[in-house]
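Data block for structure_35.csv (CSV, C-alpha atoms):
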```csv
chain,number,residue,atom,x,y,z
K,475,MET,CA,147.2,145.4,10.2
K,476,ASP,CA,145.4,143.2,12.5
K,477,LEU,CA,147.0,139.9,13.6
K,478,GLY,CA,146.3,137.1,11.2
K,479,GLU,CA,145.0,139.5,8.5
K,480,PHE,CA,146.5,141.1,5.5
K,481,GLN,CA,145.2,142.5,2.2
K,482,ILE,CA,145.7,141.2,-1.3
K,483,PRO,CA,144.2,142.2,-4.6
K,484,GLY,CA,141.5,140.2,-6.1
K,485,ASN,CA,138.0,139.7,-7.3
K,486,SER,CA,135.3,140.4,-4.7
K,487,ASP,CA,132.8,138.0,-6.3
K,488,PRO,CA,132.5,135.1,-3.8
K,489,ASN,CA,131.3,132.8,-6.6
K,490,GLN,CA,134.4,133.1,-8.7
K,491,LYS,CA,137.5,130.9,-8.2
K,492,THR,CA,140.5,133.2,-7.9
K,493,SER,CA,144.2,132.7,-7.7
K,494,HIS,CA,147.0,135.1,-6.6
K,495,LEU,CA,150.6,134.1,-7.1
K,496,SER,CA,153.9,135.2,-5.7
K,497,LEU,CA,157.4,133.9,-6.5
K,498,ASP,CA,160.8,133.6,-4.7
K,499,ILE,CA,163.3,132.7,-7.4
K,500,GLY,CA,166.6,131.7,-5.8
K,501,GLY,CA,169.8,130.4,-7.1
K,502,SER,CA,168.8,126.8,-6.5
K,503,LEU,CA,165.0,126.7,-6.0
K,504,ILE,CA,161.9,128.6,-7.1
K,505,LYS,CA,159.3,128.8,-4.4
K,506,LEU,CA,155.6,129.6,-5.1
K,507,VAL,CA,152.8,130.7,-2.9
K,508,TYR,CA,149.3,131.1,-4.4
K,509,PHE,CA,145.8,131.5,-3.1
K,510,SER,CA,142.8,129.8,-4.5
K,511,THR,CA,139.2,129.4,-3.3
K,512,ASN,CA,138.1,126.1,-2.0
K,513,ASP,CA,136.8,123.4,-4.2
K,514,GLY,CA,136.2,119.7,-3.8
K,515,ASP,CA,139.7,118.7,-5.0
K,516,ASP,CA,141.4,120.7,-2.3
K,517,ASP,CA,139.8,118.6,0.5
K,518,ASP,CA,141.1,115.4,-1.0
K,519,GLU,CA,144.5,117.1,-1.5
K,520,LEU,CA,144.9,118.0,2.1
K,521,GLY,CA,143.4,114.9,3.5
K,522,GLY,CA,140.6,115.9,5.8
K,523,SER,CA,140.6,113.0,8.2
K,524,GLY,CA,142.3,113.4,11.6
K,525,LYS,CA,142.8,117.2,11.0
K,526,GLU,CA,142.3,120.0,13.4
K,527,SER,CA,141.5,123.6,12.3
K,528,VAL,CA,143.2,126.1,14.5
K,529,GLY,CA,142.0,129.7,14.4
K,530,VAL,CA,144.4,132.6,14.5
K,531,SER,CA,142.4,135.7,15.1
K,532,ASN,CA,138.8,137.2,15.3
K,533,SER,CA,137.2,139.9,13.3
K,534,ASN,CA,133.8,141.7,13.4
K,535,ARG,CA,134.0,142.9,9.8
K,536,SER,CA,130.9,142.1,7.8
K,537,PHE,CA,132.3,141.5,4.3
K,538,PRO,CA,131.4,138.6,1.9
K,539,VAL,CA,133.6,135.7,2.8
K,540,LEU,CA,135.7,133.7,0.4
K,541,LYS,CA,137.1,130.5,1.9
K,542,GLY,CA,140.3,129.2,0.3
K,543,ARG,CA,143.8,128.2,0.9
K,544,LEU,CA,147.4,129.4,0.5
K,545,HIS,CA,149.3,126.7,-1.4
K,546,PHE,CA,153.0,126.1,-1.5
K,547,SER,CA,155.1,124.6,-4.2
K,548,LYS,CA,158.8,124.5,-5.3
K,549,PHE,CA,160.9,123.7,-8.4
K,550,GLU,CA,164.6,123.5,-9.1
K,551,THR,CA,165.7,126.8,-10.7
K,552,ARG,CA,167.5,124.8,-13.4
K,553,LYS,CA,164.1,123.3,-14.3
K,554,ILE,CA,162.4,126.7,-14.6
K,555,ASN,CA,160.4,125.5,-17.6
K,556,ASP,CA,158.6,123.0,-15.4
K,557,CYS,CA,157.7,125.9,-13.1
K,558,LEU,CA,156.4,127.9,-16.1
K,559,ASP,CA,154.3,124.9,-17.3
K,560,PHE,CA,152.9,124.5,-13.8
K,561,ILE,CA,151.8,128.2,-13.6
K,562,GLN,CA,150.3,128.0,-17.1
K,563,THR,CA,148.5,124.7,-16.5
K,564,LYS,CA,146.9,126.0,-13.3
K,565,ARG,CA,146.3,129.4,-14.8
K,566,LEU,CA,147.8,131.1,-11.8
K,567,HIS,CA,149.1,134.0,-13.8
K,568,ILE,CA,145.5,134.8,-14.9
K,569,GLY,CA,144.9,136.1,-11.3
K,570,GLY,CA,147.7,138.7,-11.7
K,571,CYS,CA,147.1,142.3,-10.8
K,572,GLN,CA,146.6,145.3,-13.1
K,573,ARG,CA,149.0,148.1,-12.9
K,574,LEU,CA,147.2,151.4,-13.5
K,575,GLY,CA,148.4,153.4,-16.5
K,576,ALA,CA,150.5,150.6,-17.9
K,577,LEU,CA,150.8,149.6,-21.5
K,578,PRO,CA,148.6,146.6,-22.4
K,579,ILE,CA,151.5,144.2,-22.7
K,580,GLU,CA,152.6,145.1,-19.1
K,581,LYS,CA,149.3,145.1,-17.4
K,582,THR,CA,149.4,141.7,-15.7
K,583,ILE,CA,152.0,141.7,-13.0
K,584,ILE,CA,153.1,139.1,-10.4
K,585,LYS,CA,155.0,139.8,-7.3
K,586,ALA,CA,158.4,138.2,-7.2
K,587,THR,CA,161.6,138.3,-5.1
K,588,GLY,CA,165.1,136.8,-5.2
K,589,GLY,CA,167.9,137.3,-7.7
K,590,GLY,CA,166.0,135.2,-10.3
K,591,ALA,CA,163.2,137.9,-10.4
K,592,TYR,CA,165.8,140.0,-12.3
K,593,LYS,CA,167.5,137.2,-14.2
K,594,TYR,CA,164.4,135.5,-15.6
K,595,ALA,CA,162.1,138.6,-15.9
K,596,ASP,CA,162.2,138.5,-19.7
K,597,LEU,CA,161.5,134.7,-19.8
K,598,PHE,CA,158.3,135.1,-17.7
K,599,LYS,CA,157.2,137.9,-20.0
K,600,GLU,CA,157.9,135.9,-23.1
K,601,LYS,CA,156.4,132.6,-22.0
K,602,LEU,CA,153.5,133.8,-19.8
K,603,GLY,CA,153.0,137.4,-20.8
K,604,ILE,CA,153.4,138.7,-17.3
K,605,CYS,CA,155.6,141.3,-15.7
K,606,LEU,CA,157.5,140.4,-12.5
K,607,ASP,CA,157.1,143.2,-10.0
K,608,LYS,CA,160.3,142.9,-8.0
K,609,GLU,CA,160.4,143.1,-4.2
K,610,ASP,CA,163.5,143.3,-2.1
K,611,GLU,CA,164.7,139.9,-0.9
K,612,MET,CA,165.5,140.8,2.7
K,613,ASP,CA,162.2,142.8,3.1
K,614,CYS,CA,160.3,139.7,1.9
K,615,LEU,CA,162.1,137.3,4.2
K,616,VAL,CA,161.5,139.4,7.3
K,617,ALA,CA,157.9,140.1,6.3
K,618,GLY,CA,157.2,136.5,5.7
K,619,ALA,CA,158.8,135.4,9.0
K,620,ASN,CA,157.0,138.0,11.1
K,621,PHE,CA,153.7,137.2,9.6
K,622,LEU,CA,154.0,133.4,10.2
K,623,LEU,CA,155.3,133.9,13.8
K,624,LYS,CA,152.3,136.2,14.6
K,625,ALA,CA,149.5,134.5,12.6
K,626,VAL,CA,150.1,130.8,12.4
K,627,HIS,CA,149.6,129.1,15.8
K,628,GLN,CA,151.8,126.1,15.3
K,629,GLU,CA,154.6,127.6,13.2
K,630,ALA,CA,157.8,127.6,15.4
K,631,PHE,CA,159.2,124.5,17.0
K,632,THR,CA,162.3,123.1,18.6
K,633,TYR,CA,163.9,119.8,17.7
K,634,LEU,CA,166.4,118.1,20.0
K,635,ASP,CA,167.2,114.5,20.7
K,636,GLY,CA,164.5,113.3,18.3
K,637,LYS,CA,161.7,115.3,20.0
K,638,LYS,CA,159.8,118.0,18.1
K,639,GLU,CA,157.9,120.5,20.2
K,640,PHE,CA,155.9,123.5,18.8
K,641,VAL,CA,156.4,126.7,20.8
K,642,GLN,CA,153.8,129.3,21.5
K,643,ILE,CA,155.0,132.7,20.5
K,644,ASP,CA,154.2,135.7,22.7
K,645,HIS,CA,153.4,138.4,20.2
K,646,ASN,CA,154.3,141.1,22.7
K,647,ASP,CA,157.7,139.6,23.2
K,648,LEU,CA,158.7,138.5,19.8
K,649,TYR,CA,161.4,141.0,19.0
K,650,PRO,CA,164.3,141.2,18.7
K,651,TYR,CA,165.3,137.9,17.2
K,652,LEU,CA,167.9,136.4,14.7
K,653,LEU,CA,166.5,135.1,11.5
K,654,VAL,CA,168.9,132.6,9.8
K,655,ASN,CA,167.8,132.0,6.2
K,656,ILE,CA,169.7,129.0,4.7
K,657,GLY,CA,169.3,129.0,1.0
K,658,SER,CA,172.1,128.5,-1.5
K,659,GLY,CA,174.1,130.8,0.8
K,660,VAL,CA,173.2,131.9,4.3
K,661,SER,CA,171.9,135.3,5.5
K,662,MET,CA,171.7,136.2,9.2
K,663,ILE,CA,169.2,139.0,9.9
K,664,LYS,CA,168.6,140.8,13.2
K,665,VAL,CA,164.9,141.6,13.3
K,666,GLU,CA,163.6,144.3,15.7
K,667,GLY,CA,160.1,144.8,14.3
K,668,ASP,CA,157.9,145.0,11.2
K,669,GLY,CA,160.1,146.5,8.5
K,670,LYS,CA,162.9,147.0,11.0
K,671,PHE,CA,165.9,144.8,10.5
K,672,GLU,CA,169.6,144.6,9.6
K,673,ARG,CA,171.5,141.8,7.8
K,674,VAL,CA,174.4,141.4,10.3
K,675,SER,CA,176.2,138.4,8.9
K,676,GLY,CA,176.1,135.4,6.7
K,677,THR,CA,178.2,132.7,5.1
K,678,ASN,CA,178.8,131.3,1.6
K,679,VAL,CA,178.8,127.8,3.0
K,680,GLY,CA,175.1,126.9,2.8
K,681,GLY,CA,172.6,124.7,0.9
K,682,GLY,CA,174.3,125.3,-2.4
K,683,THR,CA,177.6,124.1,-0.9
K,684,PHE,CA,176.0,120.9,0.3
K,685,TRP,CA,174.3,120.3,-3.0
K,686,GLY,CA,177.3,121.2,-5.2
K,687,LEU,CA,180.0,119.3,-3.2
K,688,GLY,CA,177.6,116.4,-2.7
K,689,ARG,CA,176.9,116.1,-6.4
K,690,LEU,CA,180.6,116.1,-7.2
K,691,LEU,CA,181.4,113.6,-4.4
K,692,THR,CA,178.5,111.2,-4.7
K,693,LYS,CA,177.0,111.7,-8.2
K,694,CYS,CA,173.6,112.4,-6.7
K,695,GLN,CA,171.4,114.3,-9.2
K,696,SER,CA,169.1,116.2,-6.8
K,697,PHE,CA,169.1,117.8,-3.4
K,698,ASP,CA,166.4,115.4,-2.2
K,699,GLU,CA,168.4,112.4,-3.3
K,700,LEU,CA,171.5,113.7,-1.5
K,701,LEU,CA,169.5,114.3,1.6
K,702,GLU,CA,168.0,110.9,1.6
K,703,LEU,CA,171.5,109.4,1.1
K,704,SER,CA,172.8,111.2,4.1
K,705,HIS,CA,170.1,109.6,6.2
K,706,GLN,CA,171.6,106.2,5.6
K,707,GLY,CA,175.2,107.2,6.3
K,708,ASN,CA,177.7,107.2,9.2
K,709,ASN,CA,179.9,110.3,9.4
K,710,ARG,CA,182.2,108.7,11.9
K,711,VAL,CA,183.8,106.6,9.1
K,712,ILE,CA,185.2,109.8,7.6
K,713,ASP,CA,185.2,112.5,10.4
K,714,MET,CA,188.0,112.6,12.9
K,715,LEU,CA,186.6,112.6,16.4
K,716,VAL,CA,188.2,113.8,19.7
K,717,GLY,CA,188.3,110.1,20.8
K,718,ASP,CA,190.3,109.3,17.7
K,719,ILE,CA,193.0,111.7,18.9
K,720,TYR,CA,192.8,110.9,22.6
K,721,GLY,CA,192.7,107.1,22.4
K,722,GLY,CA,188.9,106.8,22.8
K,723,THR,CA,188.6,109.1,25.8
K,724,ASP,CA,187.0,112.5,26.4
K,725,TYR,CA,189.0,115.8,26.5
K,726,SER,CA,187.1,116.7,29.6
K,727,LYS,CA,189.2,119.6,30.7
K,728,VAL,CA,187.7,121.8,27.9
K,729,GLY,CA,184.3,120.0,27.8
K,730,LEU,CA,184.8,117.9,24.7
K,731,SER,CA,183.4,114.4,24.6
K,732,SER,CA,185.1,111.6,22.7
K,733,THR,CA,182.3,111.7,20.1
K,734,THR,CA,182.8,115.5,19.3
K,735,ILE,CA,184.0,116.0,15.7
K,736,ALA,CA,187.5,117.4,15.8
K,737,SER,CA,187.9,117.6,12.0
K,738,SER,CA,185.3,117.0,9.4
K,739,PHE,CA,186.6,114.5,6.8
K,740,GLY,CA,189.7,114.3,8.9
K,741,LYS,CA,190.1,110.5,8.7
K,742,ALA,CA,190.6,110.8,4.9
K,743,ILE,CA,194.1,112.2,5.7
K,744,SER,CA,195.4,109.0,7.2
K,745,ASP,CA,193.2,106.4,5.6
K,746,LYS,CA,194.9,104.9,2.5
K,747,LYS,CA,191.7,105.1,0.6
K,748,GLU,CA,190.5,106.9,-2.6
K,749,LEU,CA,187.1,108.5,-3.1
K,750,GLN,CA,185.6,105.4,-4.5
K,751,ASP,CA,186.6,103.4,-1.4
K,752,TYR,CA,184.1,105.5,0.7
K,753,ARG,CA,180.4,104.9,0.7
K,754,PRO,CA,178.4,107.8,-0.8
K,755,GLU,CA,176.1,107.6,2.2
K,756,ASP,CA,178.9,108.3,4.6
K,757,ILE,CA,180.3,111.2,2.5
K,758,ALA,CA,176.8,112.8,2.3
K,759,ARG,CA,176.3,112.4,6.1
K,760,SER,CA,179.7,114.0,6.9
K,761,LEU,CA,179.1,116.8,4.5
K,762,LEU,CA,175.7,117.6,6.0
K,763,ARG,CA,177.1,117.5,9.5
K,764,MET,CA,179.9,119.8,8.6
K,765,ILE,CA,177.7,122.5,7.0
K,766,SER,CA,175.0,122.3,9.7
K,767,ASN,CA,177.5,122.5,12.5
K,768,ASN,CA,179.1,125.5,10.9
K,769,ILE,CA,175.8,127.3,10.4
K,770,GLY,CA,174.7,126.6,13.9
K,771,GLN,CA,177.9,127.9,15.4
K,772,ILE,CA,178.0,131.1,13.4
K,773,ALA,CA,174.3,131.8,14.1
K,774,TYR,CA,174.9,131.5,17.9
K,775,LEU,CA,178.0,133.7,17.8
K,776,ASN,CA,175.9,136.4,16.0
K,777,ALA,CA,173.1,136.0,18.5
K,778,LEU,CA,175.6,136.4,21.3
K,779,ARG,CA,177.1,139.4,19.6
K,780,PHE,CA,173.7,141.2,19.7
K,781,GLY,CA,172.3,139.7,22.9
K,782,LEU,CA,169.6,137.8,21.1
K,783,LYS,CA,168.0,134.8,22.8
K,784,ARG,CA,165.7,133.7,19.9
K,785,ILE,CA,167.2,132.2,16.8
K,786,PHE,CA,164.8,131.1,14.0
K,787,PHE,CA,166.2,129.0,11.2
K,788,GLY,CA,164.5,129.0,7.8
K,789,GLY,CA,165.2,128.2,4.2
K,790,PHE,CA,164.9,125.1,2.1
K,791,PHE,CA,168.2,123.6,3.2
K,792,ILE,CA,166.6,122.2,6.3
K,793,ARG,CA,163.4,120.7,4.8
K,794,GLY,CA,162.3,119.3,8.1
K,795,HIS,CA,165.1,116.9,8.0
K,796,ALA,CA,165.6,115.4,11.5
K,797,TYR,CA,169.4,115.0,11.3
K,798,THR,CA,169.9,118.5,10.0
K,799,MET,CA,167.7,120.1,12.7
K,800,ASP,CA,169.3,118.0,15.4
K,801,THR,CA,172.8,119.0,14.3
K,802,ILE,CA,172.0,122.7,14.2
K,803,ALA,CA,170.2,122.5,17.6
K,804,VAL,CA,173.1,120.7,19.2
K,805,ALA,CA,175.5,123.2,17.9
K,806,VAL,CA,173.5,126.1,19.3
K,807,ASP,CA,172.9,124.3,22.6
K,808,PHE,CA,176.6,123.4,22.9
K,809,TRP,CA,178.1,126.8,22.2
K,810,SER,CA,175.5,128.6,24.3
K,811,LYS,CA,175.9,126.2,27.2
K,812,GLY,CA,172.1,125.6,27.0
K,813,GLU,CA,171.2,129.3,27.2
K,814,ALA,CA,169.9,129.6,23.6
K,815,LYS,CA,167.6,127.3,21.6
K,816,ALA,CA,167.4,126.8,17.9
K,817,MET,CA,163.9,127.2,16.6
K,818,PHE,CA,162.7,126.1,13.2
K,819,LEU,CA,159.7,127.2,11.1
K,820,ARG,CA,157.1,124.9,9.6
K,821,HIS,CA,157.0,126.9,6.4
K,822,GLU,CA,160.7,127.4,6.4
K,823,GLY,CA,161.4,127.5,2.7
K,824,PHE,CA,158.6,130.0,1.8
K,825,LEU,CA,159.4,133.1,3.8
K,826,GLY,CA,160.4,135.2,0.8
K,827,ALA,CA,157.5,134.0,-1.3
K,828,LEU,CA,155.1,134.8,1.5
K,829,GLY,CA,156.6,138.2,2.0
K,830,ALA,CA,156.2,138.9,-1.7
K,831,PHE,CA,152.6,137.8,-1.5
K,832,MET,CA,151.9,140.2,1.3
K,833,SER,CA,153.5,143.1,-0.6
K,834,TYR,CA,150.4,143.2,-2.8
K,835,GLU,CA,148.6,144.9,0.1
K,836,LYS,CA,151.4,147.3,0.6
K,837,HIS,CA,151.1,148.7,-2.9
K,838,GLY,CA,147.3,148.6,-3.2
K,839,LEU,CA,147.4,147.4,-6.8
K,840,ASP,CA,143.8,146.5,-7.1
K,841,ASP,CA,140.6,145.9,-5.1
K,842,SER,CA,141.6,144.4,-1.7
K,843,MET,CA,140.7,141.4,0.3
K,844,ILE,CA,141.6,140.5,3.9
K,845,HIS,CA,142.8,137.1,4.8
K,846,HIS,CA,142.0,135.3,8.0
K,847,LEU,CA,144.2,132.2,8.4
K,848,THR,CA,143.7,128.9,10.0
K,849,GLN,CA,146.2,126.0,10.0
K,850,LYS,CA,145.4,122.4,9.5
K,851,PHE,CA,147.4,120.1,11.7
K,852,PRO,CA,147.3,116.5,13.0
K,853,MET,CA,145.8,116.4,16.5
K,854,SER,CA,148.4,117.5,19.1
K,855,SER,CA,148.6,117.8,22.8
K,856,LEU,CA,149.4,121.0,24.7
K,857,VAL,CA,152.1,120.6,27.4
K,858,GLY,CA,152.8,123.9,29.3
K,859,ASP,CA,153.8,126.5,26.7
K,860,LYS,CA,154.7,123.9,24.1
K,861,ILE,CA,152.7,121.7,21.7
K,862,CYS,CA,154.0,118.2,21.2
K,863,SER,CA,153.2,117.0,17.7
K,864,PRO,CA,154.0,113.8,15.7
K,865,LEU,CA,154.7,115.8,12.5
K,866,ASN,CA,157.8,114.7,10.7
K,867,GLY,CA,159.5,115.6,7.4
K,868,GLU,CA,159.3,118.8,5.4
K,869,LEU,CA,156.2,120.7,4.4
K,870,ASN,CA,154.5,118.7,1.6
K,871,ASP,CA,153.8,120.6,-1.6
K,872,ASN,CA,150.2,119.6,-1.3
K,873,GLU,CA,149.9,120.9,2.2
K,874,SER,CA,148.3,124.4,2.6
K,875,ILE,CA,147.1,127.0,5.0
K,876,GLU,CA,143.3,127.3,5.1
K,877,CYS,CA,142.1,130.9,4.8
K,878,SER,CA,138.9,132.9,5.2
K,879,VAL,CA,139.0,135.8,2.8
K,880,TYR,CA,136.9,138.9,3.4
K,881,ALA,CA,136.2,140.7,0.2
K,882,SER,CA,136.0,144.5,0.4
```
Kindly return the structure encoded in the file as structure tokens.
Amino acid sequence: MDLGEFQIPGNSDPNQKTSHLSLDIGGSLIKLVYFSTNDGDDDDELGGSGKESVGVSNSNRSFPVLKGRLHFSKFETRKINDCLDFIQTKRLHIGGCQRLGALPIEKTIIKATGGGAYKYADLFKEKLGICLDKEDEMDCLVAGANFLLKAVHQEAFTYLDGKKEFVQIDHNDLYPYLLVNIGSGVSMIKVEGDGKFERVSGTNVGGGTFWGLGRLLTKCQSFDELLELSHQGNNRVIDMLVGDIYGGTDYSKVGLSSTTIASSFGKAISDKKELQDYRPEDIARSLLRMISNNIGQIAYLNALRFGLKRIFFGGFFIRGHAYTMDTIAVAVDFWSKGEAKAMFLRHEGFLGALGAFMSYEKHGLDDSMIHHLTQKFPMSSLVGDKICSPLNGELNDNESIECSVYAS
């Protein structure tokens, strides 16, 4: 497969609007990736002013070209009916593939991954008349990450001390790396090549922990609400710091500054306060810091264990949230003594859905098309091997990757 290209099934008629859908149904969120040909609404949706189109690869193939976009969207799994309504309204399931030799009721299939692909298979068949063709979760995560790192120019970036820098990836020196996917739980995967990987570790303390504990402690009703609340908080009100133990001074002998967290939520032991006496904002901040620090440390220890210098963090726990990224980055930087860097992915939450999307090509379910990708970004400046960009926040549901599709 050429860099920046992959095949998906579809209609080779360049005049017909087409859609191809894949799903990653997790314990907390459902992620969708779908392709559609360009139309006038898409330009308004993306916002064409001030954008720069960045090419990823070249091809001499002389096929009819369909220009379109890969779109990204998400829904809470507990609101799965909203997802089904979205698919039905946009008629995304109409672009499903045909399985040869299948019974009429099973002909339309959609690629899906994650545990929910099994749990909700009957619901999708009942409501939309489609069959979920299940792909392995780890296979999809790795395939999605490898594709993005190779094909999308401004995909990986570092974030430290409030500065976000996109990093150019040397495709000849990509492997091996550690992929840390933070969903409801956390999986840590050593990736050594296309289709060559091993899940080496993980932790049950992940995004689901933050959401679940946060909901119980703050009464927030959504992950986004909890994340926004944490942005307004001060964890030092609740966390016990080294300075609290050492009378405001550093413990310099072992390299601990006075502001280092000695015990998350530790001040609640000695404070004569009840839960209602603490601000929800401070609780959310402390909880986010605790979980992010834990993940960053475990990730680095696994990278050290296998001699890996590159650590990529993905999954919808991060959501481009500055404080979360900074906490993970500081943890990796601290424990590695500056030798390792945490790198984040722009399409962090859609790795599994992208991998499932690419699996259409693997199985050759229908006529094929080849995608050429370009990415729309705000204007950025190149500094050495890094690209400094003003981009902030998570990937917007309306944001998309622009594609040139070559119909075979």
Residues within 8 Å of stretch 740-752 of chain K, all atoms listed in the file, excluding chain neighbours under 3 positions, as a list in words: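 Using all atoms listed in the file, the neighbours found are Leu691, Val711, Ile712, Asp713, Met714, Ala736, Ser737, Asp756 and Ile757 of chain K.
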Up to 9 Å from (176.5, 118.7, 13.5) in the file's coordinates: name the residues, counting all atoms listed in the file, as JSON, numbers by chain. {"K": [735, 760, 762, 763, 764, 765, 766, 767, 768, 770, 797, 798, 799, 800, 801, 802, 803, 804, 805]}
Suppose you want the space between atom CA of K:Phe824 and atom CA of K:Ser502; what is it in Å?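 So the answer is 13.5 Å.
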Of the residues K:Leu761, K:Leu615, K:Ile643, K:Val654, which is the one nearest to K:Phe684, using only C-alpha atoms?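 Of K:Leu761, K:Leu615, K:Ile643, K:Val654, the one nearest K:Phe684 is K:Leu761, counting only C-alpha atoms.
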Just checking: using all atoms listed in the file, which residue out of K:Lys664, K:Lys541, K:Lys601, K:Lys637 ends up closest to K:Arg784? K:Lys664
One decimal, in Å: what's the spacing between atom CA of K:Phe671 and atom CA of K:Lys638?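 Value for the atom CA of K:Phe671-atom CA of K:Lys638 distance: 28.5 Å.
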Would you fill the gaps in stretch 656-662 of chain K so it has all heavy atoms, then print it as a short mmCIF file (atom, residue, chain, number, x, y, z; two decimals), keeping the file's coordinate frame?
```
data_model
loop_
_atom_site.label_atom_id
_atom_site.label_comp_id
_atom_site.auth_asym_id
_atom_site.auth_seq_id
_atom_site.Cartn_x
_atom_site.Cartn_y
_atom_site.Cartn_z
N ILE K 656 168.69 129.88 5.36
CA ILE K 656 169.70 129.00 4.70
C ILE K 656 169.16 128.62 3.34
O ILE K 656 168.34 127.71 3.20
CB ILE K 656 169.94 127.76 5.56
CG1 ILE K 656 170.14 128.12 7.03
CG2 ILE K 656 171.15 127.00 5.03
CD1 ILE K 656 170.20 126.92 7.96
N GLY K 657 169.64 129.33 2.35
CA GLY K 657 169.30 129.00 1.00
C GLY K 657 170.57 128.44 0.30
O GLY K 657 171.29 127.63 0.87
N SER K 658 170.88 128.92 -0.90
CA SER K 658 172.10 128.50 -1.50
C SER K 658 173.30 129.00 -0.67
O SER K 658 174.28 128.28 -0.46
CB SER K 658 172.22 129.15 -2.93
OG SER K 658 171.17 128.67 -3.75
N GLY K 659 173.21 130.24 -0.18
CA GLY K 659 174.10 130.80 0.80
C GLY K 659 173.28 131.03 2.10
O GLY K 659 172.11 130.63 2.18
N VAL K 660 173.86 131.70 3.07
CA VAL K 660 173.20 131.90 4.30
C VAL K 660 173.19 133.40 4.69
O VAL K 660 174.24 134.05 4.63
CB VAL K 660 173.85 131.13 5.49
CG1 VAL K 660 173.07 131.31 6.80
CG2 VAL K 660 173.97 129.65 5.13
N SER K 661 172.02 133.94 5.03
CA SER K 661 171.90 135.30 5.50
C SER K 661 171.44 135.26 6.99
O SER K 661 170.56 134.47 7.34
CB SER K 661 170.92 136.13 4.71
OG SER K 661 171.45 136.47 3.46
N MET K 662 172.05 136.11 7.81
CA MET K 662 171.70 136.20 9.20
C MET K 662 171.18 137.63 9.47
O MET K 662 171.93 138.59 9.28
CB MET K 662 172.82 135.83 10.12
CG MET K 662 173.30 134.41 9.85
SD MET K 662 174.52 133.79 10.99
CE MET K 662 174.85 132.18 10.22
#
```
